[in-house]
Amino acid sequence: MVMFKVSRVETTPFDGQKPGTSGLRKKVKVFKQPHYLENFVQSTFNALGADKVRGATLVVSGDGRYYSKDAIQIIIKMAAANGVRRIWVGQNGLLSTPAVSAVIRERVGADGSKANGAFILTASHNPGGPHEDFGIKYNMENGGPAPEGITDKIYSNTTTIKEYLIAEGLPDVDISTTGITSFAGPEGQFDVDVFDSANDYVKLMNYDALHGVAGAYAKRIFVEELGAQESSLLNCVPKEDFGGGHPDPNLTYAKELVARMGLGKTDTEQDPPEFGAAADGDADRNMILGKRFFVTPSDSVAIIAANAVQAIPYFSGGLKGVARSMPTSAALDVVAKNLNLKFFEVPTGWKFFGNLMDAGMCSVCGEESFGTGSDHIREKDGIWAVLAWLSILAYKNKDNLGGEKLVSVEDIVRQHWSTYGRHYYTRYDYENVDAGKAKELMAYLVKLQSSLPEVNNIIKGIRSDVSKVVNADEFEYKDPVDGSISKHQGIRYLFEDGSRLVFRLSGTGSEGATIRLYIEQYEQDPSKIGRESQEALAPLKFMEVMDLDMD
Ligand code: G6P
Ligand code: ZN
């Protein structure tokens, strides 16, 4: 057995290692600076505490973006030096974010071990490559992202760090071949277990009884129409038409898929498929499309919740509750109210759902940012969302299989709107804004909140057909499980007719600032739910002519 020693390396803090909405994301060249990654990893170990780290089993993997392989070797050596007992690595360092969550919760090592946490190496939907982004985040024992209590500690450690530990004499481990390699350190044995990422994930999906539920509908669409092998269905679905470019599943970046579904600017498709889906780099985000039809993420989670008990066997016992992030539309709220379900509104970021799920208060949740998931794991899950939709399609077509009149994705969404009303919704992103100016603008929007009559005057001066602002605040969340409080989670303007404007600074960028503006309007009148969304929302876009200096 190869032996290693522990070496202490002196270091000094780097500015700006504060984890954002979902971990630390920076340009690759920033991460490649000597000690940069090491400082963050050691700060994480220190935040967890030696008693949690010694003897632990940790997963290290990611979406395979540039610099991952180097980072994995560094983390293995640092883990060894910090007394970690086992590192689990997906073959070639590849594991989707939801797969990591599933592995933490379900995988049992050959010696009966279970994982205590994970370093996920991803910048999600941000582009990858030597000139693009790298990222790292830590997930806890429940499989979910570290809560703010831990990320705040990590950050504060990065500002005072003086040294980190790294194994000396431990060679790079071959992560391309599955199997366990053991080493001997000062505190005993250290194992690196490389396992087959794909097999494991598919098995876990089976375990959750989600693999087969798509049934005959999936067969008809994916096997008969697209010619996919039935056995490869799970692997094929999330990969369709993304790869290269900007790996973000939305109408802008999933161009090929959008065109293939008959949603392109010039629609040349003769007969688009009935169902299309895209996922992001680490496969936790999803976009659901029907033939010439886009399902907004806010509607998607509401429709999944409305149909889950009937359509998805995993939920046949009932939903424990549902939740959405604050800027996500209130479509889910209406479902919760109608079905008498527990409902929670949390700040943006998947980590806020974990506590609710661990406490048995939430089964299904989602965000406007193309994230949908359930309590089968503690991350959002692109494959799960696709399977959930296929299950709903199968259920809605159960009396109709092979029949000529298909209940389409669009039919399902329109039926939903006619039952629950429609939430017209759109989001504007002002990217690459000067960070200082963005802060000033946010401060101004907060200041305006102290005088609603003034706000209403400004609005009336621009458009007379906008309802009145009756409430305005900054969203603040008190976690009902652990009582922790998260402040400044978005600036809200609430209108008399239920419309909403929300302003937020993005927490996932790697440079500069991005301001997001979310616009929403609720329409219950069945004669008015079929309008073009941009047209229905036109009155609320009054600030396009205001001098907010957002460009
Ligand atoms: C990541 C998180 C999501 C969150 C999103 C918000 O994808 O996992 O939970 O909704 O970031 O991004 P933003 O750029 O708006 O902060
Ligand atoms: Zn992602």
# chains A, B, ... in the order shown; residues from 1 in each chain; ligands from 1
>>> residues_near_ligand(ligand="ligand 1", cutoff="10 Å", atoms="only C-alpha atoms and all ligand atoms", output="PyMOL selection string")
chain A and resi 20-23+97+123-126+145+248+280+284-285+324-328+347-353+366-372+379-380+429+504-510+513-517
>>> residues_around(residues="Phe183 (chain A)", least_positions_apart="5", cutoff="12 Å", atoms="only C-alpha atoms", output="MDAnalysis selection string")
chainID A and resid 1:5 76:77 80:81 84:87 167:173 188:193
>>> write_last_selection(atoms="N, CA and C atoms", output="PDB file, in the first residue's frame")
ATOM      1  N   MET A   1       0.845  -1.203   0.000  1.00  0.00           N
ATOM      2  CA  MET A   1       0.000   0.000   0.000  1.00  0.00           C
ATOM      3  C   MET A   1       0.879   1.252   0.000  1.00  0.00           C
ATOM      4  N   VAL A   2       0.583   2.161  -0.903  1.00  0.00           N
ATOM      5  CA  VAL A   2       1.368   3.403  -0.960  1.00  0.00           C
ATOM      6  C   VAL A   2       1.106   4.231   0.297  1.00  0.00           C
ATOM      7  N   MET A   3       2.176   4.802   0.849  1.00  0.00           N
ATOM      8  CA  MET A   3       2.012   5.599   2.057  1.00  0.00           C
ATOM      9  C   MET A   3       2.137   7.089   1.752  1.00  0.00           C
ATOM     10  N   PHE A   4       1.425   7.874   2.507  1.00  0.00           N
ATOM     11  CA  PHE A   4       1.564   9.325   2.333  1.00  0.00           C
ATOM     12  C   PHE A   4       1.740  10.008   3.678  1.00  0.00           C
ATOM     13  N   LYS A   5       2.274  11.226   3.596  1.00  0.00           N
ATOM     14  CA  LYS A   5       2.451  12.047   4.803  1.00  0.00           C
ATOM     15  C   LYS A   5       1.574  13.284   4.673  1.00  0.00           C
ATOM     16  N   ILE A  76      -8.824  15.105  -3.516  1.00  0.00           N
ATOM     17  CA  ILE A  76      -8.493  13.774  -2.961  1.00  0.00           C
ATOM     18  C   ILE A  76      -7.318  13.909  -1.992  1.00  0.00           C
ATOM     19  N   LYS A  77      -6.278  14.619  -2.426  1.00  0.00           N
ATOM     20  CA  LYS A  77      -5.074  14.741  -1.584  1.00  0.00           C
ATOM     21  C   LYS A  77      -5.360  15.538  -0.311  1.00  0.00           C
ATOM     22  N   ALA A  80      -7.469  13.363   2.073  1.00  0.00           N
ATOM     23  CA  ALA A  80      -6.604  12.370   2.735  1.00  0.00           C
ATOM     24  C   ALA A  80      -5.869  13.024   3.903  1.00  0.00           C
ATOM     25  N   ALA A  81      -5.320  14.210   3.653  1.00  0.00           N
ATOM     26  CA  ALA A  81      -4.531  14.877   4.684  1.00  0.00           C
ATOM     27  C   ALA A  81      -5.388  15.353   5.851  1.00  0.00           C
ATOM     28  N   VAL A  84     -10.003  12.316   6.124  1.00  0.00           N
ATOM     29  CA  VAL A  84     -11.167  11.668   5.502  1.00  0.00           C
ATOM     30  C   VAL A  84     -10.815  10.198   5.272  1.00  0.00           C
ATOM     31  N   ARG A  85     -11.780   9.307   5.449  1.00  0.00           N
ATOM     32  CA  ARG A  85     -11.510   7.876   5.343  1.00  0.00           C
ATOM     33  C   ARG A  85     -11.674   7.348   3.915  1.00  0.00           C
ATOM     34  N   ARG A  86     -12.693   7.884   3.200  1.00  0.00           N
ATOM     35  CA  ARG A  86     -12.980   7.400   1.843  1.00  0.00           C
ATOM     36  C   ARG A  86     -13.422   8.545   0.944  1.00  0.00           C
ATOM     37  N   ILE A  87     -12.963   8.487  -0.299  1.00  0.00           N
ATOM     38  CA  ILE A  87     -13.489   9.402  -1.310  1.00  0.00           C
ATOM     39  C   ILE A  87     -14.157   8.554  -2.386  1.00  0.00           C
ATOM     40  N   ALA A 167      -1.867  15.877   1.186  1.00  0.00           N
ATOM     41  CA  ALA A 167      -1.077  14.646   1.315  1.00  0.00           C
ATOM     42  C   ALA A 167       0.161  14.704   0.426  1.00  0.00           C
ATOM     43  N   GLU A 168       1.269  14.321   0.998  1.00  0.00           N
ATOM     44  CA  GLU A 168       2.522  14.293   0.261  1.00  0.00           C
ATOM     45  C   GLU A 168       2.860  12.828  -0.006  1.00  0.00           C
ATOM     46  N   GLY A 169       3.182  12.532  -1.252  1.00  0.00           N
ATOM     47  CA  GLY A 169       3.510  11.146  -1.581  1.00  0.00           C
ATOM     48  C   GLY A 169       2.313  10.345  -2.045  1.00  0.00           C
ATOM     49  N   LEU A 170       1.155  10.997  -2.143  1.00  0.00           N
ATOM     50  CA  LEU A 170      -0.031  10.306  -2.655  1.00  0.00           C
ATOM     51  C   LEU A 170      -0.124  10.602  -4.157  1.00  0.00           C
ATOM     52  N   PRO A 171      -0.004   9.552  -4.977  1.00  0.00           N
ATOM     53  CA  PRO A 171       0.014   9.808  -6.428  1.00  0.00           C
ATOM     54  C   PRO A 171      -1.380  10.174  -6.944  1.00  0.00           C
ATOM     55  N   ASP A 172      -1.457  10.740  -8.147  1.00  0.00           N
ATOM     56  CA  ASP A 172      -2.764  10.955  -8.776  1.00  0.00           C
ATOM     57  C   ASP A 172      -3.461   9.602  -8.902  1.00  0.00           C
ATOM     58  N   VAL A 173      -4.748   9.601  -8.645  1.00  0.00           N
ATOM     59  CA  VAL A 173      -5.498   8.346  -8.719  1.00  0.00           C
ATOM     60  C   VAL A 173      -6.138   8.242 -10.107  1.00  0.00           C
ATOM     61  N   GLY A 188      -4.244   6.101   9.348  1.00  0.00           N
ATOM     62  CA  GLY A 188      -4.784   4.807   8.926  1.00  0.00           C
ATOM     63  C   GLY A 188      -5.084   4.772   7.440  1.00  0.00           C
ATOM     64  N   GLN A 189      -5.989   3.864   7.072  1.00  0.00           N
ATOM     65  CA  GLN A 189      -6.247   3.625   5.658  1.00  0.00           C
ATOM     66  C   GLN A 189      -7.106   4.717   5.031  1.00  0.00           C
ATOM     67  N   PHE A 190      -6.799   4.992   3.763  1.00  0.00           N
ATOM     68  CA  PHE A 190      -7.577   5.966   2.986  1.00  0.00           C
ATOM     69  C   PHE A 190      -7.915   5.321   1.641  1.00  0.00           C
ATOM     70  N   ASP A 191      -9.206   5.285   1.291  1.00  0.00           N
ATOM     71  CA  ASP A 191      -9.627   4.620   0.051  1.00  0.00           C
ATOM     72  C   ASP A 191     -10.192   5.611  -0.961  1.00  0.00           C
ATOM     73  N   VAL A 192      -9.885   5.374  -2.219  1.00  0.00           N
ATOM     74  CA  VAL A 192     -10.560   6.096  -3.297  1.00  0.00           C
ATOM     75  C   VAL A 192     -11.364   5.064  -4.093  1.00  0.00           C
ATOM     76  N   ASP A 193     -12.671   5.244  -4.116  1.00  0.00           N
ATOM     77  CA  ASP A 193     -13.582   4.281  -4.740  1.00  0.00           C
ATOM     78  C   ASP A 193     -14.180   4.928  -5.994  1.00  0.00           C
TER      79      ASP A 193
END
>>> select_by_dssp(residues="region 224-394 of chain A", states="alpha helix (DSSP H)", output="ChimeraX atom specification")
/A:233-236,255-260,297-311,331-339,351-358,382-394
